[in-house]
Amino acid sequence: MSVDRPHQLHVQVWRHRHRRGVPPAVRQPPLHPLLEYLLMSTHYANYEKNRPGFEKLFRGLSDDTWKDAIELIKYITTRGGEMNFGTSALGEEDADAPNFELYELQSIAKALDMEKKLAVEAIRIHSEATRKNSKFHDPEISYHLEHEFMPKQRDIIRKLAGYTTDLSSLLDGPDSSLSLFLFDDYLTKQ
Amino acid sequence: MVDPCISKMRAQVEEELKAAMQYMAMGAHFSKDTINRPGFAEFFFKAASEEREHAIKIISYLLMRGELTSKVSDLIKRNLNPQTTSWANGVSAFKDALRLEASVTKKIRDIIIVCENNPTHFNDYHLVDYLTVDFLGEQYHGQRDIAGKVSTLEKMMDRHGVLGEFLFDKKMLDGEL
């Protein structure tokens, strides 16, 4: 599946003052995915779309992303690293024509892609922090990823995947407009 | 709502988010082990979250007024990278913060002027009132708070240098300031 840029700061490796060896570059994923969720939420909150459930879903994702970003900055600095607010490491895939005014199923799919990309990135960092990269073995980072980060990603991905399953089957049925309304109503209660 | 009032309000969303990112950078700087000022860091992270809340408030207002039905993707250009990412000491960071708040206040005042007086002669009373009471009120309180901190911190550092900043940081961390 294609993936967009994840929302969190990702530390590829840490600059560790007292460590020898090649100081790893501190990776900085763009914070704009955080803004992407905010824009998606805004789109569903206007009077024409009027989907409070979807608005709540994306606002929640944006809020969680923001909190996680702050936590991640604190974690990076706990490890003696430095937050790099420079350019995005993964590039701007949608830079030419970013579009956040999508249909409901498309928007959940986009969110799912973004979260999956984040998970893939975390797995890659984990593999570098473990024995795969012989110059760099960092069990603390792998612990943090395994215990703090990945379970959250797993749950978000599962939740969004479930939503896409439900929504696509509901929209295939005869009562698609009503189904969409009821699904949005369900989302307001989550 | 009418233009140019609408465009000014839309632009303000990005201004608030830029301020949020600048505060994030301040928080990140003071979290570093080589700087080690958790009180300052906490203050700036909190300020960052508040600026983001302001942006969300502006968006909510626009939505309430029936705006943002199109060009939502244009609302925020993606490059909100902060201009400065390191500071010599706490005082210089607070002074930057004060300048930042003052510039945001000026922009809000500009919106008010445009929304009161525009070529279509539509004085947007409700918006102007909302901005005046909610936004300007919070800006002025925030500026007063930061200005007070700058004064105290400068006095403490003048006689007691690093010890002054250290104690100030711990008092901020404990919520005493």
# chains A, B, ... in the order shown; residues from 1 in each chain; ligands from 1
call {"tool": "residues_around", "arguments": {"residues": "segment 120-132 of chain A", "least_positions_apart": "5", "cutoff": "7 Å", "atoms": "only C-alpha atoms", "output": "ChimeraX atom specification"}}
result
/A:12,137-139,141-142,145
call {"tool": "residues_around", "arguments": {"residues": "segment 125-141 of chain B", "least_positions_apart": "5", "cutoff": "9 Å", "atoms": "only C-alpha atoms", "output": "number ranges by chain"}}
result
B: 1, 54, 61, 101-102, 104-105, 108-109, 111-113, 115-116, 146
call {"tool": "write_last_selection", "arguments": {"atoms": "C-alpha atoms", "output": "PDB file, in the first residue's frame"}}
result
ATOM      1  CA  MET B   1     -18.451  37.204   5.818  1.00  0.00           C
ATOM      2  CA  HIS B  54      -5.881  29.492  18.767  1.00  0.00           C
ATOM      3  CA  TYR B  61     -15.126  30.430  13.831  1.00  0.00           C
ATOM      4  CA  GLU B 101       3.323  37.590  20.772  1.00  0.00           C
ATOM      5  CA  ALA B 102       3.484  41.279  19.871  1.00  0.00           C
ATOM      6  CA  VAL B 104       0.620  38.122  16.470  1.00  0.00           C
ATOM      7  CA  THR B 105      -1.274  40.830  18.375  1.00  0.00           C
ATOM      8  CA  ILE B 108      -5.056  40.390  14.957  1.00  0.00           C
ATOM      9  CA  ARG B 109      -5.484  44.158  15.167  1.00  0.00           C
ATOM     10  CA  ILE B 111      -7.751  41.764  10.897  1.00  0.00           C
ATOM     11  CA  ILE B 112     -10.050  43.836  13.088  1.00  0.00           C
ATOM     12  CA  ILE B 113      -9.344  46.971  11.054  1.00  0.00           C
ATOM     13  CA  CYS B 115     -13.154  43.481   9.019  1.00  0.00           C
ATOM     14  CA  GLU B 116     -14.587  46.724  10.342  1.00  0.00           C
ATOM     15  CA  ILE B 146       6.067  37.101  29.524  1.00  0.00           C
TER      16      ILE B 146
END
call {"tool": "interface_residues", "arguments": {"of": "chain B", "to": "chain A", "cutoff": "7 Å", "atoms": "only C-alpha atoms", "output": "list in words"}}
result
Ala28, Ser31, Lys32, Asp33, Leu63, Gly66, Leu68, Thr69, Val72, Ser73, Arg78 and Asn81 of chain B
call {"tool": "atom_distance", "arguments": {"atom1": "atom CA of Asn79 of chain B", "atom2": "atom CA of Gly142 of chain B"}}
result
25.8 Å
call {"tool": "atom_distance", "arguments": {"atom1": "atom CA of Thr85 of chain B", "atom2": "atom CA of Gln22 of chain B"}}
result
7.8 Å
call {"tool": "closest_residue", "arguments": {"among": "A:Phe183, A:Glu148, A:Leu167, A:Ser177", "to": "Gln106 of chain A", "atoms": "only C-alpha atoms"}}
result
A:Leu167
call {"tool": "atom_distance", "arguments": {"atom1": "atom CA of Leu34 of chain A", "atom2": "atom CA of Pro4 of chain B"}}
result
27.9 Å
call {"tool": "residues_around", "arguments": {"residues": "Ile6 of chain B", "least_positions_apart": "3", "cutoff": "9 Å", "atoms": "only C-alpha atoms", "output": "list of chain:residue names"}}
result
B:Met1, B:Val2, B:Asp3, B:Met9, B:Arg10, B:Ala11, B:Leu62, B:Glu67, B:Cys115
call {"tool": "residues_around", "arguments": {"residues": "segment 153-157 of chain A", "least_positions_apart": "4", "cutoff": "12 Å", "atoms": "only C-alpha atoms", "output": "PyMOL selection string"}}
result
chain A and resi 6-8+57-58+60-61+64-65+68+108-123+145-149+161-164
call {"tool": "write_last_selection", "arguments": {"atoms": "N, CA and C atoms", "output": "mmCIF file, in the first residue's frame"}}
result
data_model
loop_
_atom_site.group_PDB
_atom_site.id
_atom_site.type_symbol
_atom_site.label_atom_id
_atom_site.label_comp_id
_atom_site.auth_asym_id
_atom_site.auth_seq_id
_atom_site.Cartn_x
_atom_site.Cartn_y
_atom_site.Cartn_z
ATOM 1 N N PRO A 6 4.325 10.157 7.608
ATOM 2 C CA PRO A 6 3.749 10.016 8.947
ATOM 3 C C PRO A 6 3.804 11.313 9.729
ATOM 4 N N HIS A 7 3.131 11.283 10.833
ATOM 5 C CA HIS A 7 2.936 12.527 11.547
ATOM 6 C C HIS A 7 3.936 12.756 12.640
ATOM 7 N N GLN A 8 4.730 11.777 12.942
ATOM 8 C CA GLN A 8 5.549 11.971 14.122
ATOM 9 C C GLN A 8 6.998 12.219 13.768
ATOM 10 N N LEU A 57 -13.028 12.324 14.328
ATOM 11 C CA LEU A 57 -11.990 11.320 14.094
ATOM 12 C C LEU A 57 -10.673 11.996 13.725
ATOM 13 N N PHE A 58 -10.716 12.901 12.760
ATOM 14 C CA PHE A 58 -9.471 13.510 12.294
ATOM 15 C C PHE A 58 -8.920 14.527 13.280
ATOM 16 N N GLY A 60 -9.180 14.191 16.452
ATOM 17 C CA GLY A 60 -8.534 13.345 17.456
ATOM 18 C C GLY A 60 -7.161 12.891 17.004
ATOM 19 N N LEU A 61 -7.060 12.511 15.716
ATOM 20 C CA LEU A 61 -5.765 12.074 15.192
ATOM 21 C C LEU A 61 -4.778 13.236 15.217
ATOM 22 N N ASP A 64 -3.724 13.847 18.896
ATOM 23 C CA ASP A 64 -2.813 12.803 19.378
ATOM 24 C C ASP A 64 -1.435 12.973 18.758
ATOM 25 N N THR A 65 -1.418 13.315 17.472
ATOM 26 C CA THR A 65 -0.154 13.537 16.785
ATOM 27 C C THR A 65 0.637 14.646 17.461
ATOM 28 N N ASP A 68 1.985 13.437 20.759
ATOM 29 C CA ASP A 68 3.068 12.482 20.534
ATOM 30 C C ASP A 68 4.324 13.180 20.065
ATOM 31 N N ILE A 108 -10.368 8.231 4.968
ATOM 32 C CA ILE A 108 -9.935 7.241 5.959
ATOM 33 C C ILE A 108 -8.791 6.420 5.375
ATOM 34 N N ALA A 109 -8.878 6.124 4.090
ATOM 35 C CA ALA A 109 -7.799 5.372 3.446
ATOM 36 C C ALA A 109 -6.505 6.162 3.492
ATOM 37 N N LYS A 110 -6.595 7.471 3.277
ATOM 38 C CA LYS A 110 -5.398 8.308 3.316
ATOM 39 C C LYS A 110 -4.784 8.300 4.715
ATOM 40 N N ALA A 111 -5.668 8.416 5.730
ATOM 41 C CA ALA A 111 -5.165 8.383 7.110
ATOM 42 C C ALA A 111 -4.493 7.043 7.386
ATOM 43 N N LEU A 112 -5.117 5.971 6.915
ATOM 44 C CA LEU A 112 -4.557 4.641 7.128
ATOM 45 C C LEU A 112 -3.183 4.530 6.484
ATOM 46 N N ASP A 113 -3.068 5.050 5.265
ATOM 47 C CA ASP A 113 -1.774 5.026 4.577
ATOM 48 C C ASP A 113 -0.725 5.780 5.373
ATOM 49 N N MET A 114 -1.116 6.940 5.914
ATOM 50 C CA MET A 114 -0.151 7.748 6.661
ATOM 51 C C MET A 114 0.340 6.993 7.890
ATOM 52 N N GLU A 115 -0.593 6.344 8.581
ATOM 53 C CA GLU A 115 -0.201 5.617 9.791
ATOM 54 C C GLU A 115 0.666 4.408 9.458
ATOM 55 N N LYS A 116 0.335 3.754 8.348
ATOM 56 C CA LYS A 116 1.130 2.577 7.979
ATOM 57 C C LYS A 116 2.540 2.984 7.609
ATOM 58 N N LYS A 117 2.657 4.120 6.938
ATOM 59 C CA LYS A 117 3.979 4.584 6.558
ATOM 60 C C LYS A 117 4.811 4.846 7.803
ATOM 61 N N LEU A 118 4.154 5.416 8.784
ATOM 62 C CA LEU A 118 4.828 5.668 10.056
ATOM 63 C C LEU A 118 5.317 4.370 10.671
ATOM 64 N N ALA A 119 4.471 3.358 10.648
ATOM 65 C CA ALA A 119 4.854 2.069 11.233
ATOM 66 C C ALA A 119 6.026 1.457 10.480
ATOM 67 N N VAL A 120 5.976 1.543 9.163
ATOM 68 C CA VAL A 120 7.060 0.992 8.343
ATOM 69 C C VAL A 120 8.370 1.699 8.678
ATOM 70 N N GLU A 121 8.286 2.998 8.821
ATOM 71 C CA GLU A 121 9.470 3.781 9.167
ATOM 72 C C GLU A 121 10.024 3.375 10.526
ATOM 73 N N ALA A 122 9.118 3.167 11.480
ATOM 74 C CA ALA A 122 9.558 2.759 12.813
ATOM 75 C C ALA A 122 10.241 1.406 12.771
ATOM 76 N N ILE A 123 9.697 0.506 11.966
ATOM 77 C CA ILE A 123 10.298 -0.827 11.858
ATOM 78 C C ILE A 123 11.691 -0.718 11.261
ATOM 79 N N LEU A 145 10.731 1.843 20.993
ATOM 80 C CA LEU A 145 9.873 1.610 19.843
ATOM 81 C C LEU A 145 8.915 0.452 20.111
ATOM 82 N N GLU A 146 9.480 -0.628 20.676
ATOM 83 C CA GLU A 146 8.654 -1.824 20.869
ATOM 84 C C GLU A 146 7.546 -1.606 21.881
ATOM 85 N N HIS A 147 7.856 -0.846 22.928
ATOM 86 C CA HIS A 147 6.883 -0.770 24.013
ATOM 87 C C HIS A 147 6.033 0.483 24.006
ATOM 88 N N GLU A 148 6.619 1.598 23.521
ATOM 89 C CA GLU A 148 5.851 2.838 23.573
ATOM 90 C C GLU A 148 5.179 3.131 22.251
ATOM 91 N N PHE A 149 5.913 2.905 21.194
ATOM 92 C CA PHE A 149 5.463 3.405 19.919
ATOM 93 C C PHE A 149 4.619 2.420 19.126
ATOM 94 N N ALA A 161 -8.232 0.457 9.705
ATOM 95 C CA ALA A 161 -8.474 -0.612 8.730
ATOM 96 C C ALA A 161 -9.893 -1.149 8.900
ATOM 97 N N GLY A 162 -10.299 -1.302 10.148
ATOM 98 C CA GLY A 162 -11.665 -1.751 10.414
ATOM 99 C C GLY A 162 -12.688 -0.790 9.835
ATOM 100 N N TYR A 163 -12.421 0.509 10.008
ATOM 101 C CA TYR A 163 -13.342 1.505 9.468
ATOM 102 C C TYR A 163 -13.439 1.411 7.952
ATOM 103 N N THR A 164 -12.280 1.205 7.288
ATOM 104 C CA THR A 164 -12.347 1.136 5.821
ATOM 105 C C THR A 164 -13.144 -0.084 5.388
#
call {"tool": "residues_around", "arguments": {"residues": "Gln83 of chain B", "least_positions_apart": "3", "cutoff": "12 Å", "atoms": "only C-alpha atoms", "output": "list in words"}}
result
Phe85 and Gly86 of chain A; Lys18, Ala19, Ala20, Met21, Gln22, Tyr23, Met24, Ala25, Met26, Asn79, Leu80, Ser86, Trp87, Asp96 and Leu100 of chain B
call {"tool": "residues_around", "arguments": {"residues": "Leu187 of chain A", "least_positions_apart": "4", "cutoff": "10 Å", "atoms": "only C-alpha atoms", "output": "PDB file with N, CA, C and O atoms, in the first residue's frame"}}
result
ATOM      1  N   ARG A  51     -20.071  16.452   8.606  1.00  0.00           N
ATOM      2  CA  ARG A  51     -19.905  15.106   9.163  1.00  0.00           C
ATOM      3  C   ARG A  51     -19.182  15.229  10.502  1.00  0.00           C
ATOM      4  O   ARG A  51     -17.950  15.129  10.552  1.00  0.00           O
ATOM      5  N   PRO A  52     -19.922  15.442  11.568  1.00  0.00           N
ATOM      6  CA  PRO A  52     -19.248  15.635  12.861  1.00  0.00           C
ATOM      7  C   PRO A  52     -18.427  14.432  13.311  1.00  0.00           C
ATOM      8  O   PRO A  52     -17.436  14.586  14.018  1.00  0.00           O
ATOM      9  N   GLY A  53     -18.849  13.237  12.903  1.00  0.00           N
ATOM     10  CA  GLY A  53     -18.096  12.039  13.287  1.00  0.00           C
ATOM     11  C   GLY A  53     -16.719  12.029  12.657  1.00  0.00           C
ATOM     12  O   GLY A  53     -15.701  11.765  13.310  1.00  0.00           O
ATOM     13  N   PHE A  54     -16.660  12.306  11.360  1.00  0.00           N
ATOM     14  CA  PHE A  54     -15.377  12.346  10.668  1.00  0.00           C
ATOM     15  C   PHE A  54     -14.530  13.505  11.176  1.00  0.00           C
ATOM     16  O   PHE A  54     -13.315  13.391  11.327  1.00  0.00           O
ATOM     17  N   GLU A  55     -15.209  14.619  11.445  1.00  0.00           N
ATOM     18  CA  GLU A  55     -14.473  15.756  12.000  1.00  0.00           C
ATOM     19  C   GLU A  55     -13.794  15.354  13.303  1.00  0.00           C
ATOM     20  O   GLU A  55     -12.614  15.619  13.521  1.00  0.00           O
ATOM     21  N   LYS A  56     -14.559  14.653  14.153  1.00  0.00           N
ATOM     22  CA  LYS A  56     -14.014  14.245  15.450  1.00  0.00           C
ATOM     23  C   LYS A  56     -12.866  13.253  15.266  1.00  0.00           C
ATOM     24  O   LYS A  56     -11.851  13.332  15.964  1.00  0.00           O
ATOM     25  N   LEU A  57     -13.028  12.324  14.328  1.00  0.00           N
ATOM     26  CA  LEU A  57     -11.990  11.320  14.094  1.00  0.00           C
ATOM     27  C   LEU A  57     -10.673  11.996  13.725  1.00  0.00           C
ATOM     28  O   LEU A  57      -9.625  11.729  14.318  1.00  0.00           O
ATOM     29  N   TYR A 163     -12.421   0.509  10.008  1.00  0.00           N
ATOM     30  CA  TYR A 163     -13.342   1.505   9.468  1.00  0.00           C
ATOM     31  C   TYR A 163     -13.439   1.411   7.952  1.00  0.00           C
ATOM     32  O   TYR A 163     -14.526   1.549   7.365  1.00  0.00           O
ATOM     33  N   PHE A 181     -24.424   8.276   6.741  1.00  0.00           N
ATOM     34  CA  PHE A 181     -24.904   9.106   7.846  1.00  0.00           C
ATOM     35  C   PHE A 181     -24.798   8.349   9.160  1.00  0.00           C
ATOM     36  O   PHE A 181     -24.336   8.888  10.179  1.00  0.00           O
ATOM     37  N   LEU A 182     -25.230   7.075   9.158  1.00  0.00           N
ATOM     38  CA  LEU A 182     -25.190   6.293  10.391  1.00  0.00           C
ATOM     39  C   LEU A 182     -23.751   6.018  10.823  1.00  0.00           C
ATOM     40  O   LEU A 182     -23.442   6.008  12.021  1.00  0.00           O
ATOM     41  N   PHE A 183     -22.872   5.792   9.852  1.00  0.00           N
ATOM     42  CA  PHE A 183     -21.466   5.553  10.197  1.00  0.00           C
ATOM     43  C   PHE A 183     -20.859   6.796  10.831  1.00  0.00           C
ATOM     44  O   PHE A 183     -20.121   6.715  11.812  1.00  0.00           O
TER      45      PHE A 183
END
call {"tool": "decode", "arguments": {"residues": "segment 36-138 of chain A", "atoms": "C-alpha atoms", "output": "PDB file, in the first residue's frame"}}
result
ATOM      1  CA  GLU A  36      -2.984  17.253   7.235  1.00  0.00           C
ATOM      2  CA  TYR A  37      -5.253  15.730   9.855  1.00  0.00           C
ATOM      3  CA  LEU A  38      -6.289  19.216  10.949  1.00  0.00           C
ATOM      4  CA  LEU A  39      -7.188  20.127   7.368  1.00  0.00           C
ATOM      5  CA  MET A  40      -9.109  16.906   6.864  1.00  0.00           C
ATOM      6  CA  SER A  41     -11.023  17.576  10.060  1.00  0.00           C
ATOM      7  CA  THR A  42     -11.767  21.123   8.895  1.00  0.00           C
ATOM      8  CA  HIS A  43     -13.079  19.839   5.566  1.00  0.00           C
ATOM      9  CA  TYR A  44     -15.638  17.595   7.265  1.00  0.00           C
ATOM     10  CA  ALA A  45     -16.682  20.336   9.656  1.00  0.00           C
ATOM     11  CA  ASN A  46     -17.893  22.778   7.020  1.00  0.00           C
ATOM     12  CA  TYR A  47     -21.623  23.145   6.516  1.00  0.00           C
ATOM     13  CA  GLU A  48     -21.601  21.403   3.141  1.00  0.00           C
ATOM     14  CA  LYS A  49     -19.992  18.187   4.303  1.00  0.00           C
ATOM     15  CA  ASN A  50     -21.332  18.352   7.831  1.00  0.00           C
ATOM     16  CA  ARG A  51     -19.905  15.106   9.163  1.00  0.00           C
ATOM     17  CA  PRO A  52     -19.248  15.635  12.861  1.00  0.00           C
ATOM     18  CA  GLY A  53     -18.096  12.039  13.287  1.00  0.00           C
ATOM     19  CA  PHE A  54     -15.377  12.346  10.668  1.00  0.00           C
ATOM     20  CA  GLU A  55     -14.473  15.756  12.000  1.00  0.00           C
ATOM     21  CA  LYS A  56     -14.014  14.245  15.450  1.00  0.00           C
ATOM     22  CA  LEU A  57     -11.990  11.320  14.094  1.00  0.00           C
ATOM     23  CA  PHE A  58      -9.471  13.510  12.294  1.00  0.00           C
ATOM     24  CA  ARG A  59      -9.330  16.138  15.007  1.00  0.00           C
ATOM     25  CA  GLY A  60      -8.534  13.345  17.456  1.00  0.00           C
ATOM     26  CA  LEU A  61      -5.765  12.074  15.192  1.00  0.00           C
ATOM     27  CA  SER A  62      -4.370  15.607  14.900  1.00  0.00           C
ATOM     28  CA  ASP A  63      -4.473  16.141  18.673  1.00  0.00           C
ATOM     29  CA  ASP A  64      -2.813  12.803  19.378  1.00  0.00           C
ATOM     30  CA  THR A  65      -0.154  13.537  16.785  1.00  0.00           C
ATOM     31  CA  TRP A  66       0.618  16.863  18.450  1.00  0.00           C
ATOM     32  CA  LYS A  67       0.941  15.310  21.897  1.00  0.00           C
ATOM     33  CA  ASP A  68       3.068  12.482  20.534  1.00  0.00           C
ATOM     34  CA  ALA A  69       5.308  14.984  18.768  1.00  0.00           C
ATOM     35  CA  ILE A  70       6.014  16.774  22.038  1.00  0.00           C
ATOM     36  CA  GLU A  71       6.646  13.463  23.794  1.00  0.00           C
ATOM     37  CA  LEU A  72       8.978  12.434  21.033  1.00  0.00           C
ATOM     38  CA  ILE A  73      10.944  15.687  21.258  1.00  0.00           C
ATOM     39  CA  LYS A  74      11.322  15.027  24.971  1.00  0.00           C
ATOM     40  CA  TYR A  75      12.455  11.476  24.253  1.00  0.00           C
ATOM     41  CA  ILE A  76      14.987  12.614  21.680  1.00  0.00           C
ATOM     42  CA  THR A  77      16.437  15.090  24.152  1.00  0.00           C
ATOM     43  CA  THR A  78      16.411  12.444  26.895  1.00  0.00           C
ATOM     44  CA  ARG A  79      18.725  10.448  24.692  1.00  0.00           C
ATOM     45  CA  GLY A  80      21.033  13.401  24.243  1.00  0.00           C
ATOM     46  CA  GLY A  81      19.859  14.151  20.751  1.00  0.00           C
ATOM     47  CA  GLU A  82      18.656  17.271  19.071  1.00  0.00           C
ATOM     48  CA  MET A  83      15.432  17.946  17.320  1.00  0.00           C
ATOM     49  CA  ASN A  84      15.978  18.960  13.730  1.00  0.00           C
ATOM     50  CA  PHE A  85      13.265  21.242  12.441  1.00  0.00           C
ATOM     51  CA  GLY A  86      14.734  21.339   8.978  1.00  0.00           C
ATOM     52  CA  THR A  87      13.498  19.710   5.841  1.00  0.00           C
ATOM     53  CA  SER A  88      11.511  16.562   5.878  1.00  0.00           C
ATOM     54  CA  ALA A  89      13.539  13.431   5.452  1.00  0.00           C
ATOM     55  CA  LEU A  90      10.923  11.542   3.521  1.00  0.00           C
ATOM     56  CA  GLY A  91      10.266  14.320   1.057  1.00  0.00           C
ATOM     57  CA  GLU A  92       7.001  15.881   0.123  1.00  0.00           C
ATOM     58  CA  GLU A  93       5.146  13.387  -1.959  1.00  0.00           C
ATOM     59  CA  ASP A  94       2.047  15.418  -2.256  1.00  0.00           C
ATOM     60  CA  ALA A  95       3.842  18.707  -2.553  1.00  0.00           C
ATOM     61  CA  ASP A  96       2.457  19.494  -5.961  1.00  0.00           C
ATOM     62  CA  ALA A  97      -1.193  18.975  -5.353  1.00  0.00           C
ATOM     63  CA  PRO A  98      -2.064  18.252  -1.775  1.00  0.00           C
ATOM     64  CA  ASN A  99      -5.706  17.502  -1.481  1.00  0.00           C
ATOM     65  CA  PHE A 100      -7.555  17.174   1.763  1.00  0.00           C
ATOM     66  CA  GLU A 101     -11.032  17.637   0.388  1.00  0.00           C
ATOM     67  CA  LEU A 102     -11.722  13.982  -0.150  1.00  0.00           C
ATOM     68  CA  TYR A 103     -14.687  11.686   0.058  1.00  0.00           C
ATOM     69  CA  GLU A 104     -15.170   9.850   3.316  1.00  0.00           C
ATOM     70  CA  LEU A 105     -13.747   6.469   2.354  1.00  0.00           C
ATOM     71  CA  GLN A 106     -10.814   8.108   0.572  1.00  0.00           C
ATOM     72  CA  SER A 107      -9.973  10.206   3.583  1.00  0.00           C
ATOM     73  CA  ILE A 108      -9.935   7.241   5.959  1.00  0.00           C
ATOM     74  CA  ALA A 109      -7.799   5.372   3.446  1.00  0.00           C
ATOM     75  CA  LYS A 110      -5.398   8.308   3.316  1.00  0.00           C
ATOM     76  CA  ALA A 111      -5.165   8.383   7.110  1.00  0.00           C
ATOM     77  CA  LEU A 112      -4.557   4.641   7.128  1.00  0.00           C
ATOM     78  CA  ASP A 113      -1.774   5.026   4.577  1.00  0.00           C
ATOM     79  CA  MET A 114      -0.151   7.748   6.661  1.00  0.00           C
ATOM     80  CA  GLU A 115      -0.201   5.617   9.791  1.00  0.00           C
ATOM     81  CA  LYS A 116       1.130   2.577   7.979  1.00  0.00           C
ATOM     82  CA  LYS A 117       3.979   4.584   6.558  1.00  0.00           C
ATOM     83  CA  LEU A 118       4.828   5.668  10.056  1.00  0.00           C
ATOM     84  CA  ALA A 119       4.854   2.069  11.233  1.00  0.00           C
ATOM     85  CA  VAL A 120       7.060   0.992   8.343  1.00  0.00           C
ATOM     86  CA  GLU A 121       9.470   3.781   9.167  1.00  0.00           C
ATOM     87  CA  ALA A 122       9.558   2.759  12.813  1.00  0.00           C
ATOM     88  CA  ILE A 123      10.298  -0.827  11.858  1.00  0.00           C
ATOM     89  CA  ARG A 124      13.156   0.359   9.687  1.00  0.00           C
ATOM     90  CA  ILE A 125      14.596   2.402  12.532  1.00  0.00           C
ATOM     91  CA  HIS A 126      14.200  -0.576  14.835  1.00  0.00           C
ATOM     92  CA  SER A 127      16.114  -2.800  12.490  1.00  0.00           C
ATOM     93  CA  GLU A 128      18.923  -0.259  12.340  1.00  0.00           C
ATOM     94  CA  ALA A 129      19.004   0.073  16.104  1.00  0.00           C
ATOM     95  CA  THR A 130      19.319  -3.656  16.566  1.00  0.00           C
ATOM     96  CA  ARG A 131      22.043  -5.845  15.252  1.00  0.00           C
ATOM     97  CA  LYS A 132      21.410  -5.301  11.580  1.00  0.00           C
ATOM     98  CA  ASN A 133      23.673  -2.267  11.537  1.00  0.00           C
ATOM     99  CA  SER A 134      26.912  -3.559  13.006  1.00  0.00           C
ATOM    100  CA  LYS A 135      28.179  -0.100  13.910  1.00  0.00           C
ATOM    101  CA  PHE A 136      25.155   0.812  15.892  1.00  0.00           C
ATOM    102  CA  HIS A 137      23.338  -1.281  18.441  1.00  0.00           C
ATOM    103  CA  ASP A 138      20.902   0.550  20.634  1.00  0.00           C
TER     104      ASP A 138
END
